[in-house]
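Chemist: Got a structure for you, questions after.
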Amino acid sequence: MSPAPLTLAAEGVAVTYPNGHTALRDATFALTGGTICALVGVNGSGKSTLFKALMGFVTPTAGRVTLGGESVRQAQRRGWVAYVPQTEEVDWTFPVNVHDVVMMGRYGHMNFLRIPRATDREAVAAALQRVGLWELRERQIGELSGGQKKRVFVARALAQQSRVILLDEPFTGVDVKTEEAIVALLRELRAEGRLILVSTHNLGSVPEFCDQVVLINRTVLACGPTAEVFTAANLARAFGGALRHFDLARSTVEAHDGRQVTVLTDDERPLVLGQGGHLEYLDRAAHEKLVAEREAQKPTGPAP
Amino acid sequence: MNAALLLEPFSYDYMLTAIWVSALVGGVCGLLSGFVTLKGWSLLGDALSHAVVPGVALAYLAGLPFALGAFTSGILAAAAMSFVKLKTPVREDAVIGVVFTAFFAFGLLLISLFPAALDLKGIILGNILAIAPEDVAQLVAISIACLAVVAVKWRDLLLFSFDPHQARVLGLPVRRLHYTLLILLSATTVAALQAVGAILVVAMLITPGATAYLLTNRFGKMLCLAAALGAVTAAAGAYASYFLDGATGGCIVVLQTLVFLGAFVFSPRHGLLAARRARRELCLVAPTPDPLSPP
Ligand SMILES: Nc1ncnc2c1ncn2[C@@H]1O[C@H](COP(=O)(O)OP(=O)(O)O)[C@@H](O)[C@H]1O
Ligand SMILES: [Mg+2]
């Protein structure tokens, strides 16, 4: 049932908008299914542009994007690519309910009249149950909470049985509990061999749930496992002076504070780097468990 | 009023024709109004209904089918709008305004230049009571074609209206769907022109959809409801115009507005009364002090 992993590759992709602005040039990276990858960069670095190129909304002026060796267009016809829109992009007053929206993920599987068959209904029901929205299927989409709204579109991607899921800024304006629920769901999808690409400018949450990172600033600066890409040097290149620092060594935190320092932020999670610039994680026990799980998963390989 | 008087309109062939043709056109316009209101194309609908006037005038002058002229004119206007929008940073509503008033003005000019050959009142205000048999044939053909396209493509058009990105990601021909909807809109505009005239066409393309939107929150139901409302109000309006002597377009649109007002006040979901009831319930619930808690 779970789709086979596939490889997403961008080779020397450049995008120039009709007004002459080159938003992206020589972007090269490759990702294989079974990963949650963050696409990280400042506002205006070209995250949305790269997404548009991956979804075929803009045609690269140079280079090419392939999915499983096929062109974007072919991949779309096969229903491999799903997209979870930014909350602001959706017309929440539209007269459709949760079930209707998830059913829209099935269009590629239907004939030209788009009349749902039993398999389509089953796929929609399974997707809704999985994201915990089955009871709310009759609700008009505007009558949902912020987290439920996000999950409707994740369910649509599930019903579509896509192999690549693109999420544009999924955690903007979402509370911590919702974020955790979505992350838990994305982890399950990764375990099934799907390729999940999440664009974000929220640095702190990346080490917590992404195993790989593509760092961009009008081109791909670095690409690879989070711990290797998220270094002080790379982040400085990606963000320049746009980051606020809290340097413990120069601060009023002194030896007598020991490790009893609490870091609070209102909205976004803080990114914490240890000595020499390596990543620190929020919860040591949980992180060790996650690493162990991932190790255990590796030898069995992706699901057939 | 006695029954014989009420049945009198049905004894005239021209009234019977007016009633069923209005119902057909009203139904098709109602169906399209669902898309127009949800896509935010109201201004575009208004623009198209004015932009078809020069085409109608030229078609009558050249002795061609009026629908052909109107349709060509509407499509030309739509193309002009998208061309100007693409080439200038002027805002979309301003572009639409510039283009449709230009077309409309040209149409009025033509009518004023050839007052003998063209019927200003008929084009601007509609004249369904005096519709020619060949015009009836054109309207029926247009209406059936539109109904057929919507019947086959409504789910695709729904996805295109709700989430064009998803439509594209699924490999649907988004550009073709856009033009399909635009052509449907032009075609229904042309059809409604005869019934209610250029000025009131836009009401037929918005009001039933807006009313249905207040009454349901399912898209399919909304389309059916809007089509039914359009058909019934158009037939009733044409019937009523027999007694009010000629103002068919006015009768139809006033009726549609009355139904809209009814929905606006009484709709169980979005109506004024429902909102007031919800507010009152909130007020009753909120300040009730818990009798067990200490003061
Ligand atoms: N449709 C467009 N036309 C012209 N320039 C654009 C367009 N969309 C984005 N840009 C420009 O391309 C750059 C990258 O934008 P974007 O990909 O949206 O960045 P991000 O999503 O990382 O914030 C920005 O400088 C932006 O102004
Ligand atoms: Mg963006």
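Chain identifiers are assigned as A, B, and so on, following the order in which chains appear in the structure tokens; residues are numbered from 1 within each chain, and ligands are numbered from 1 in order of appearance.
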Going by DSSP on the backbone, which bits of region 98-233 of chain A are helix (DSSP H, G or I)? Write them as a ChimeraX atom specification, please.

Modeler: /A:98-109,118-130,134-136,141-143,146-159,176-191,205-209,226-229,232-233

Chemist: Neighbours of Ala212 (chain B) within 10 Å (only C-alpha atoms; same-chain residues fewer than 3 positions away dropped), as a PDB file with N, CA and C atoms, in the first residue's frame?

Modeler:
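To be explicit, this is the file written out as out.pdb:
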```pdb
ATOM      1  N   GLY B  30     -28.366  31.169 -13.507  1.00  0.00           N
ATOM      2  CA  GLY B  30     -28.271  30.834 -12.089  1.00  0.00           C
ATOM      3  C   GLY B  30     -27.153  29.834 -11.839  1.00  0.00           C
ATOM      4  N   SER B  33     -23.994  31.559 -12.014  1.00  0.00           N
ATOM      5  CA  SER B  33     -23.816  32.559 -10.952  1.00  0.00           C
ATOM      6  C   SER B  33     -23.110  31.943  -9.743  1.00  0.00           C
ATOM      7  N   GLY B  34     -23.257  30.625  -9.592  1.00  0.00           N
ATOM      8  CA  GLY B  34     -22.536  29.959  -8.501  1.00  0.00           C
ATOM      9  C   GLY B  34     -21.035  30.135  -8.665  1.00  0.00           C
ATOM     10  N   THR B 207     -27.073  37.369  -8.442  1.00  0.00           N
ATOM     11  CA  THR B 207     -28.030  37.270  -7.335  1.00  0.00           C
ATOM     12  C   THR B 207     -28.432  35.834  -6.974  1.00  0.00           C
ATOM     13  N   PRO B 208     -28.777  34.979  -7.939  1.00  0.00           N
ATOM     14  CA  PRO B 208     -29.146  33.608  -7.518  1.00  0.00           C
ATOM     15  C   PRO B 208     -27.999  32.892  -6.800  1.00  0.00           C
ATOM     16  N   GLY B 209     -26.774  33.089  -7.286  1.00  0.00           N
ATOM     17  CA  GLY B 209     -25.621  32.457  -6.651  1.00  0.00           C
ATOM     18  C   GLY B 209     -25.409  32.985  -5.237  1.00  0.00           C
ATOM     19  N   LEU B 215     -27.746  29.940   1.688  1.00  0.00           N
ATOM     20  CA  LEU B 215     -28.661  28.882   2.116  1.00  0.00           C
ATOM     21  C   LEU B 215     -28.016  27.508   2.268  1.00  0.00           C
ATOM     22  N   THR B 216     -26.813  27.315   1.719  1.00  0.00           N
ATOM     23  CA  THR B 216     -26.198  26.000   1.827  1.00  0.00           C
ATOM     24  C   THR B 216     -24.696  26.149   1.922  1.00  0.00           C
ATOM     25  N   ASN B 217     -24.029  25.113   2.424  1.00  0.00           N
ATOM     26  CA  ASN B 217     -22.571  25.181   2.387  1.00  0.00           C
ATOM     27  C   ASN B 217     -21.967  23.982   1.648  1.00  0.00           C
ATOM     28  N   ARG B 218     -22.729  23.468   0.689  1.00  0.00           N
ATOM     29  CA  ARG B 218     -22.191  22.456  -0.224  1.00  0.00           C
ATOM     30  C   ARG B 218     -22.257  23.004  -1.626  1.00  0.00           C
ATOM     31  N   PHE B 219     -21.165  22.856  -2.343  1.00  0.00           N
ATOM     32  CA  PHE B 219     -21.075  23.473  -3.657  1.00  0.00           C
ATOM     33  C   PHE B 219     -22.103  22.921  -4.637  1.00  0.00           C
ATOM     34  N   LYS B 221     -24.994  21.491  -4.072  1.00  0.00           N
ATOM     35  CA  LYS B 221     -26.331  21.965  -3.721  1.00  0.00           C
ATOM     36  C   LYS B 221     -26.494  23.419  -4.103  1.00  0.00           C
ATOM     37  N   MET B 222     -25.428  24.179  -3.892  1.00  0.00           N
ATOM     38  CA  MET B 222     -25.486  25.601  -4.201  1.00  0.00           C
ATOM     39  C   MET B 222     -25.767  25.828  -5.686  1.00  0.00           C
ATOM     40  N   LEU B 223     -25.091  25.032  -6.538  1.00  0.00           N
ATOM     41  CA  LEU B 223     -25.318  25.171  -7.979  1.00  0.00           C
ATOM     42  C   LEU B 223     -26.764  24.840  -8.338  1.00  0.00           C
ATOM     43  N   CYS B 224     -27.276  23.726  -7.801  1.00  0.00           N
ATOM     44  CA  CYS B 224     -28.646  23.319  -8.118  1.00  0.00           C
ATOM     45  C   CYS B 224     -29.645  24.373  -7.643  1.00  0.00           C
ATOM     46  N   LEU B 225     -29.420  24.844  -6.415  1.00  0.00           N
ATOM     47  CA  LEU B 225     -30.321  25.829  -5.822  1.00  0.00           C
ATOM     48  C   LEU B 225     -30.304  27.117  -6.631  1.00  0.00           C
ATOM     49  N   ALA B 226     -29.113  27.554  -7.019  1.00  0.00           N
ATOM     50  CA  ALA B 226     -28.993  28.800  -7.784  1.00  0.00           C
ATOM     51  C   ALA B 226     -29.691  28.650  -9.130  1.00  0.00           C
ATOM     52  N   ALA B 227     -29.523  27.477  -9.772  1.00  0.00           N
ATOM     53  CA  ALA B 227     -30.173  27.260 -11.062  1.00  0.00           C
ATOM     54  C   ALA B 227     -31.691  27.261 -10.896  1.00  0.00           C
ATOM     55  N   ALA B 228     -32.172  26.585  -9.844  1.00  0.00           N
ATOM     56  CA  ALA B 228     -33.615  26.531  -9.613  1.00  0.00           C
ATOM     57  C   ALA B 228     -34.168  27.925  -9.335  1.00  0.00           C
ATOM     58  N   LEU B 229     -33.473  28.670  -8.481  1.00  0.00           N
ATOM     59  CA  LEU B 229     -33.910  30.031  -8.164  1.00  0.00           C
ATOM     60  C   LEU B 229     -33.956  30.884  -9.424  1.00  0.00           C
ATOM     61  N   VAL B 259     -36.026  37.509  -3.157  1.00  0.00           N
ATOM     62  CA  VAL B 259     -35.628  36.196  -2.630  1.00  0.00           C
ATOM     63  C   VAL B 259     -34.300  36.321  -1.883  1.00  0.00           C
ATOM     64  N   PHE B 260     -33.396  37.109  -2.445  1.00  0.00           N
ATOM     65  CA  PHE B 260     -32.112  37.312  -1.765  1.00  0.00           C
ATOM     66  C   PHE B 260     -32.323  37.931  -0.386  1.00  0.00           C
ATOM     67  N   ALA B 263     -33.474  35.392   2.058  1.00  0.00           N
ATOM     68  CA  ALA B 263     -32.379  34.542   2.529  1.00  0.00           C
ATOM     69  C   ALA B 263     -31.465  35.316   3.484  1.00  0.00           C
ATOM     70  N   SER B 267     -31.976  33.058   6.507  1.00  0.00           N
ATOM     71  CA  SER B 267     -31.112  31.899   6.313  1.00  0.00           C
ATOM     72  C   SER B 267     -30.700  31.297   7.653  1.00  0.00           C
TER      73      SER B 267
END
```

Chemist: Residues near region 159-176 of chain B, anyone? I mean within 9 Å using only C-alpha atoms, not counting same-chain ones fewer than 2 positions away, as a ChimeraX atom specification.

Modeler: /A:55-57,73-85,89-91,94,96,101,104-105,107-108 /B:35,38-39,154-157,178-181

Chemist: If you count only C-alpha atoms and all ligand atoms, which residues end up within 7 Å of ligand 2, as a PyMOL selection string?

Modeler: chain A and resi 43-44+47-48

Chemist: Residues as selected, C-alpha atoms, written as an mmCIF file, in the first residue's frame, can you do that?

Modeler:
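Saved the output as out37.cif:
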```cif
data_model
loop_
_atom_site.group_PDB
_atom_site.id
_atom_site.type_symbol
_atom_site.label_atom_id
_atom_site.label_comp_id
_atom_site.auth_asym_id
_atom_site.auth_seq_id
_atom_site.Cartn_x
_atom_site.Cartn_y
_atom_site.Cartn_z
ATOM 1 C CA ASN A 43 12.170 35.728 3.298
ATOM 2 C CA GLY A 44 12.813 36.400 -0.374
ATOM 3 C CA LYS A 47 11.757 29.103 -1.143
ATOM 4 C CA SER A 48 8.381 29.614 -2.737
#
```

Chemist: Show me which residues sit within 7 Å of ligand 1 when counting only C-alpha atoms and all ligand atoms, and put them as a ChimeraX atom specification.

Modeler: /A:17-19,21-23,41-50

Chemist: Go through region 9-238 of chain A and collect every residue that DSSP, computed from the backbone, puts in strand (DSSP E or B); the answer should be as a PyMOL selection string.

Modeler: chain A and resi 9-16+22-32+35-40+62-67+70-71+81-84+97+140+164-168+195-200+212-216+220-225

Chemist: Go through B:Ala59, B:Leu214, B:Leu193, B:Ala18 one by one, measure the shortest atom-to-atom distance of each to chain A using only C-alpha atoms, and give the residue with the smallest value.

Modeler: B:Leu214

Chemist: How far is it from CA of Val136 (chain B) to CA of Leu68 (chain B), in Å with one decimal?

Modeler: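 It comes out at 13.7 Å.
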
Chemist: Do you know which residues are at most 8 Å from Glu138 (chain A) counting only C-alpha atoms, after dropping those on the same chain fewer than 3 positions away, and could you put them as a list in words?

Modeler: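 Once the adjacent positions are removed, what remains is Asn97, Val98, His99 and Glu135 of chain A.
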
Chemist: How about saving the chosen residues, all heavy atoms kept, as an mmCIF file, in the first residue's frame?

Modeler:
```cif
data_model
loop_
_atom_site.group_PDB
_atom_site.id
_atom_site.type_symbol
_atom_site.label_atom_id
_atom_site.label_comp_id
_atom_site.auth_asym_id
_atom_site.auth_seq_id
_atom_site.Cartn_x
_atom_site.Cartn_y
_atom_site.Cartn_z
ATOM 1 N N ASN A 97 -17.080 21.050 2.360
ATOM 2 C CA ASN A 97 -16.805 20.510 3.681
ATOM 3 C C ASN A 97 -15.505 19.699 3.645
ATOM 4 O O ASN A 97 -14.871 19.553 2.600
ATOM 5 C CB ASN A 97 -17.998 19.707 4.223
ATOM 6 C CG ASN A 97 -18.288 18.461 3.413
ATOM 7 O OD1 ASN A 97 -17.427 17.956 2.707
ATOM 8 N ND2 ASN A 97 -19.492 17.958 3.528
ATOM 9 N N VAL A 98 -15.121 19.205 4.814
ATOM 10 C CA VAL A 98 -13.848 18.513 4.955
ATOM 11 C C VAL A 98 -13.745 17.341 3.976
ATOM 12 O O VAL A 98 -12.737 17.165 3.289
ATOM 13 C CB VAL A 98 -13.708 18.024 6.416
ATOM 14 C CG1 VAL A 98 -12.501 17.121 6.574
ATOM 15 C CG2 VAL A 98 -13.623 19.220 7.356
ATOM 16 N N HIS A 99 -14.822 16.575 3.881
ATOM 17 C CA HIS A 99 -14.830 15.400 3.005
ATOM 18 C C HIS A 99 -14.619 15.809 1.542
ATOM 19 O O HIS A 99 -13.846 15.190 0.811
ATOM 20 C CB HIS A 99 -16.161 14.660 3.183
ATOM 21 C CG HIS A 99 -16.170 13.293 2.589
ATOM 22 N ND1 HIS A 99 -16.530 13.077 1.289
ATOM 23 C CD2 HIS A 99 -15.858 12.082 3.101
ATOM 24 C CE1 HIS A 99 -16.453 11.785 1.024
ATOM 25 N NE2 HIS A 99 -16.034 11.159 2.106
ATOM 26 N N GLU A 135 -14.681 12.411 12.305
ATOM 27 C CA GLU A 135 -15.906 12.885 12.950
ATOM 28 C C GLU A 135 -16.318 14.257 12.423
ATOM 29 O O GLU A 135 -17.474 14.628 12.469
ATOM 30 C CB GLU A 135 -15.726 12.974 14.469
ATOM 31 C CG GLU A 135 -16.026 11.679 15.204
ATOM 32 C CD GLU A 135 -14.947 10.631 14.960
ATOM 33 O OE1 GLU A 135 -13.766 11.022 14.943
ATOM 34 O OE2 GLU A 135 -15.285 9.449 14.758
#
```

Chemist: Please measure the separation of CA of Val174 (chain A) and CA of Ala236 (chain A), giving the value in Å to one decimal.

Modeler: 26.7 Å

Chemist: So which residues touch Ala117 (chain B) within 12 Å, counting only C-alpha atoms, skipping near sequence neighbours fewer than 4 positions away, as a ChimeraX atom specification?

Modeler: /B:56-63,110-113,122

Chemist: Since we have the selection now, will you write its residues out, keeping all heavy atoms, as a short mmCIF file (atom, residue, chain, number, x, y, z; two decimals), in the first residue's frame?

Modeler:
```cif
data_model
loop_
_atom_site.label_atom_id
_atom_site.label_comp_id
_atom_site.auth_asym_id
_atom_site.auth_seq_id
_atom_site.Cartn_x
_atom_site.Cartn_y
_atom_site.Cartn_z
N VAL B 56 -23.78 43.01 -30.77
CA VAL B 56 -25.19 42.85 -31.11
C VAL B 56 -25.58 43.86 -32.19
O VAL B 56 -26.22 43.51 -33.19
CB VAL B 56 -26.07 43.06 -29.85
CG1 VAL B 56 -27.54 42.98 -30.20
CG2 VAL B 56 -25.74 42.01 -28.80
N ALA B 57 -25.13 45.10 -31.99
CA ALA B 57 -25.47 46.15 -32.95
C ALA B 57 -24.93 45.80 -34.34
O ALA B 57 -25.67 45.86 -35.34
CB ALA B 57 -24.89 47.48 -32.48
N LEU B 58 -23.66 45.40 -34.39
CA LEU B 58 -23.05 45.08 -35.68
C LEU B 58 -23.73 43.87 -36.33
O LEU B 58 -23.95 43.84 -37.55
CB LEU B 58 -21.55 44.80 -35.51
CG LEU B 58 -20.69 46.06 -35.29
CD1 LEU B 58 -19.25 45.67 -34.98
CD2 LEU B 58 -20.74 46.95 -36.53
N ALA B 59 -24.08 42.88 -35.50
CA ALA B 59 -24.73 41.69 -36.04
C ALA B 59 -26.07 42.05 -36.68
O ALA B 59 -26.39 41.60 -37.78
CB ALA B 59 -24.93 40.65 -34.94
N TYR B 60 -26.87 42.90 -36.02
CA TYR B 60 -28.16 43.30 -36.58
C TYR B 60 -27.96 44.08 -37.86
O TYR B 60 -28.69 43.91 -38.84
CB TYR B 60 -28.96 44.12 -35.56
CG TYR B 60 -29.71 43.25 -34.57
CD1 TYR B 60 -29.72 43.56 -33.21
CD2 TYR B 60 -30.42 42.14 -35.01
CE1 TYR B 60 -30.40 42.77 -32.31
CE2 TYR B 60 -31.11 41.35 -34.10
CZ TYR B 60 -31.11 41.67 -32.76
OH TYR B 60 -31.79 40.88 -31.87
N LEU B 61 -26.93 44.97 -37.86
CA LEU B 61 -26.68 45.78 -39.06
C LEU B 61 -26.27 44.89 -40.23
O LEU B 61 -26.66 45.14 -41.37
CB LEU B 61 -25.57 46.80 -38.77
CG LEU B 61 -25.97 48.00 -37.90
CD1 LEU B 61 -24.76 48.87 -37.61
CD2 LEU B 61 -27.07 48.81 -38.57
N ALA B 62 -25.49 43.84 -39.93
CA ALA B 62 -24.99 42.98 -41.00
C ALA B 62 -25.94 41.84 -41.31
O ALA B 62 -25.68 41.04 -42.20
CB ALA B 62 -23.62 42.42 -40.60
N GLY B 63 -27.02 41.74 -40.55
CA GLY B 63 -27.98 40.67 -40.77
C GLY B 63 -27.48 39.30 -40.35
O GLY B 63 -27.92 38.28 -40.86
N LEU B 110 -22.85 53.26 -32.14
CA LEU B 110 -23.40 52.58 -33.32
C LEU B 110 -24.92 52.70 -33.33
O LEU B 110 -25.52 53.02 -34.37
CB LEU B 110 -23.02 51.10 -33.29
CG LEU B 110 -21.64 50.72 -33.77
CD1 LEU B 110 -21.42 49.23 -33.60
CD2 LEU B 110 -21.47 51.11 -35.24
N ILE B 111 -25.54 52.47 -32.16
CA ILE B 111 -27.00 52.50 -32.09
C ILE B 111 -27.50 53.91 -32.42
O ILE B 111 -28.49 54.08 -33.14
CB ILE B 111 -27.49 52.05 -30.70
CG1 ILE B 111 -27.11 50.58 -30.48
CG2 ILE B 111 -28.99 52.22 -30.57
CD1 ILE B 111 -27.35 50.10 -29.08
N SER B 112 -26.79 54.92 -31.94
CA SER B 112 -27.24 56.30 -32.20
C SER B 112 -27.02 56.69 -33.66
O SER B 112 -27.72 57.54 -34.19
CB SER B 112 -26.53 57.27 -31.26
OG SER B 112 -25.15 57.30 -31.56
N LEU B 113 -26.02 56.07 -34.29
CA LEU B 113 -25.77 56.38 -35.70
C LEU B 113 -26.80 55.73 -36.63
O LEU B 113 -27.09 56.24 -37.70
CB LEU B 113 -24.37 55.90 -36.10
CG LEU B 113 -23.19 56.71 -35.54
CD1 LEU B 113 -21.87 56.12 -35.98
CD2 LEU B 113 -23.29 58.18 -35.96
N GLY B 122 -34.51 47.78 -26.81
CA GLY B 122 -34.51 46.31 -26.82
C GLY B 122 -33.17 45.76 -26.37
O GLY B 122 -33.10 44.79 -25.61
#
```

Chemist: Would you kindly return, as JSON, numbers by chain, each protein, DNA or RNA residue with an atom no farther than 12 Å from any atom of Asp93 (chain B), considering only C-alpha atoms and excluding same-chain residues fewer than 2 positions away?

Modeler: {"B": [40, 41, 42, 43, 44, 46, 47, 81, 82, 84, 85, 89, 90, 91, 95, 96, 97, 98, 99, 100]}

Chemist: For the residues in the current selection, export N, CA, C and O atoms as a PDB file, in the first residue's frame.

Modeler:
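New file result-v1.pdb:
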```
ATOM      1  N   GLY B  40     -15.319  35.448  -7.566  1.00  0.00           N
ATOM      2  CA  GLY B  40     -15.121  36.887  -7.489  1.00  0.00           C
ATOM      3  C   GLY B  40     -15.107  37.516  -8.871  1.00  0.00           C
ATOM      4  O   GLY B  40     -14.371  38.459  -9.123  1.00  0.00           O
ATOM      5  N   TRP B  41     -15.929  36.988  -9.758  1.00  0.00           N
ATOM      6  CA  TRP B  41     -15.965  37.489 -11.127  1.00  0.00           C
ATOM      7  C   TRP B  41     -17.153  38.411 -11.377  1.00  0.00           C
ATOM      8  O   TRP B  41     -17.545  38.601 -12.530  1.00  0.00           O
ATOM      9  N   SER B  42     -17.759  38.957 -10.331  1.00  0.00           N
ATOM     10  CA  SER B  42     -18.967  39.772 -10.517  1.00  0.00           C
ATOM     11  C   SER B  42     -18.696  40.947 -11.440  1.00  0.00           C
ATOM     12  O   SER B  42     -19.465  41.227 -12.363  1.00  0.00           O
ATOM     13  N   LEU B  43     -17.589  41.644 -11.197  1.00  0.00           N
ATOM     14  CA  LEU B  43     -17.261  42.805 -12.021  1.00  0.00           C
ATOM     15  C   LEU B  43     -17.027  42.378 -13.470  1.00  0.00           C
ATOM     16  O   LEU B  43     -17.451  43.044 -14.410  1.00  0.00           O
ATOM     17  N   LEU B  44     -16.392  41.232 -13.625  1.00  0.00           N
ATOM     18  CA  LEU B  44     -16.131  40.722 -14.966  1.00  0.00           C
ATOM     19  C   LEU B  44     -17.452  40.416 -15.687  1.00  0.00           C
ATOM     20  O   LEU B  44     -17.616  40.715 -16.875  1.00  0.00           O
ATOM     21  N   ASP B  46     -20.351  41.818 -15.135  1.00  0.00           N
ATOM     22  CA  ASP B  46     -20.934  43.113 -15.464  1.00  0.00           C
ATOM     23  C   ASP B  46     -20.267  43.656 -16.723  1.00  0.00           C
ATOM     24  O   ASP B  46     -20.934  44.141 -17.647  1.00  0.00           O
ATOM     25  N   ALA B  47     -18.941  43.555 -16.746  1.00  0.00           N
ATOM     26  CA  ALA B  47     -18.181  44.081 -17.887  1.00  0.00           C
ATOM     27  C   ALA B  47     -18.586  43.373 -19.171  1.00  0.00           C
ATOM     28  O   ALA B  47     -18.864  44.013 -20.188  1.00  0.00           O
ATOM     29  N   MET B  81      -8.961  42.720 -22.119  1.00  0.00           N
ATOM     30  CA  MET B  81      -8.696  42.909 -20.689  1.00  0.00           C
ATOM     31  C   MET B  81      -7.441  42.165 -20.270  1.00  0.00           C
ATOM     32  O   MET B  81      -6.574  42.720 -19.591  1.00  0.00           O
ATOM     33  N   SER B  82      -7.332  40.892 -20.662  1.00  0.00           N
ATOM     34  CA  SER B  82      -6.155  40.151 -20.189  1.00  0.00           C
ATOM     35  C   SER B  82      -4.885  40.674 -20.840  1.00  0.00           C
ATOM     36  O   SER B  82      -3.824  40.693 -20.208  1.00  0.00           O
ATOM     37  N   VAL B  84      -4.276  43.915 -21.757  1.00  0.00           N
ATOM     38  CA  VAL B  84      -3.895  45.168 -21.096  1.00  0.00           C
ATOM     39  C   VAL B  84      -3.349  44.876 -19.698  1.00  0.00           C
ATOM     40  O   VAL B  84      -2.358  45.461 -19.253  1.00  0.00           O
ATOM     41  N   LYS B  85      -3.981  43.913 -19.021  1.00  0.00           N
ATOM     42  CA  LYS B  85      -3.531  43.588 -17.655  1.00  0.00           C
ATOM     43  C   LYS B  85      -2.107  43.039 -17.671  1.00  0.00           C
ATOM     44  O   LYS B  85      -1.299  43.335 -16.797  1.00  0.00           O
ATOM     45  N   PRO B  89       0.970  47.780 -15.365  1.00  0.00           N
ATOM     46  CA  PRO B  89       0.769  47.521 -13.935  1.00  0.00           C
ATOM     47  C   PRO B  89      -0.548  48.070 -13.413  1.00  0.00           C
ATOM     48  O   PRO B  89      -0.798  48.007 -12.212  1.00  0.00           O
ATOM     49  N   VAL B  90      -1.420  48.600 -14.316  1.00  0.00           N
ATOM     50  CA  VAL B  90      -2.719  49.126 -13.872  1.00  0.00           C
ATOM     51  C   VAL B  90      -3.513  48.004 -13.212  1.00  0.00           C
ATOM     52  O   VAL B  90      -3.487  46.865 -13.663  1.00  0.00           O
ATOM     53  N   ARG B  91      -4.220  48.351 -12.132  1.00  0.00           N
ATOM     54  CA  ARG B  91      -4.966  47.330 -11.390  1.00  0.00           C
ATOM     55  C   ARG B  91      -6.076  46.702 -12.215  1.00  0.00           C
ATOM     56  O   ARG B  91      -6.655  47.351 -13.074  1.00  0.00           O
ATOM     57  N   VAL B  95      -8.564  48.123 -15.235  1.00  0.00           N
ATOM     58  CA  VAL B  95      -8.452  47.622 -16.607  1.00  0.00           C
ATOM     59  C   VAL B  95      -9.825  47.178 -17.114  1.00  0.00           C
ATOM     60  O   VAL B  95     -10.261  47.539 -18.206  1.00  0.00           O
ATOM     61  N   ILE B  96     -10.533  46.407 -16.279  1.00  0.00           N
ATOM     62  CA  ILE B  96     -11.869  45.934 -16.661  1.00  0.00           C
ATOM     63  C   ILE B  96     -12.774  47.126 -16.947  1.00  0.00           C
ATOM     64  O   ILE B  96     -13.482  47.175 -17.959  1.00  0.00           O
ATOM     65  N   GLY B  97     -12.715  48.122 -16.063  1.00  0.00           N
ATOM     66  CA  GLY B  97     -13.547  49.315 -16.222  1.00  0.00           C
ATOM     67  C   GLY B  97     -13.252  50.028 -17.530  1.00  0.00           C
ATOM     68  O   GLY B  97     -14.174  50.385 -18.281  1.00  0.00           O
ATOM     69  N   VAL B  98     -11.990  50.224 -17.825  1.00  0.00           N
ATOM     70  CA  VAL B  98     -11.603  50.939 -19.051  1.00  0.00           C
ATOM     71  C   VAL B  98     -12.116  50.189 -20.281  1.00  0.00           C
ATOM     72  O   VAL B  98     -12.744  50.774 -21.171  1.00  0.00           O
ATOM     73  N   VAL B  99     -11.870  48.883 -20.302  1.00  0.00           N
ATOM     74  CA  VAL B  99     -12.203  48.115 -21.515  1.00  0.00           C
ATOM     75  C   VAL B  99     -13.712  48.038 -21.729  1.00  0.00           C
ATOM     76  O   VAL B  99     -14.222  48.297 -22.821  1.00  0.00           O
ATOM     77  N   PHE B 100     -14.469  47.721 -20.666  1.00  0.00           N
ATOM     78  CA  PHE B 100     -15.895  47.497 -20.931  1.00  0.00           C
ATOM     79  C   PHE B 100     -16.630  48.801 -21.245  1.00  0.00           C
ATOM     80  O   PHE B 100     -17.521  48.825 -22.091  1.00  0.00           O
TER      81      PHE B 100
END
```
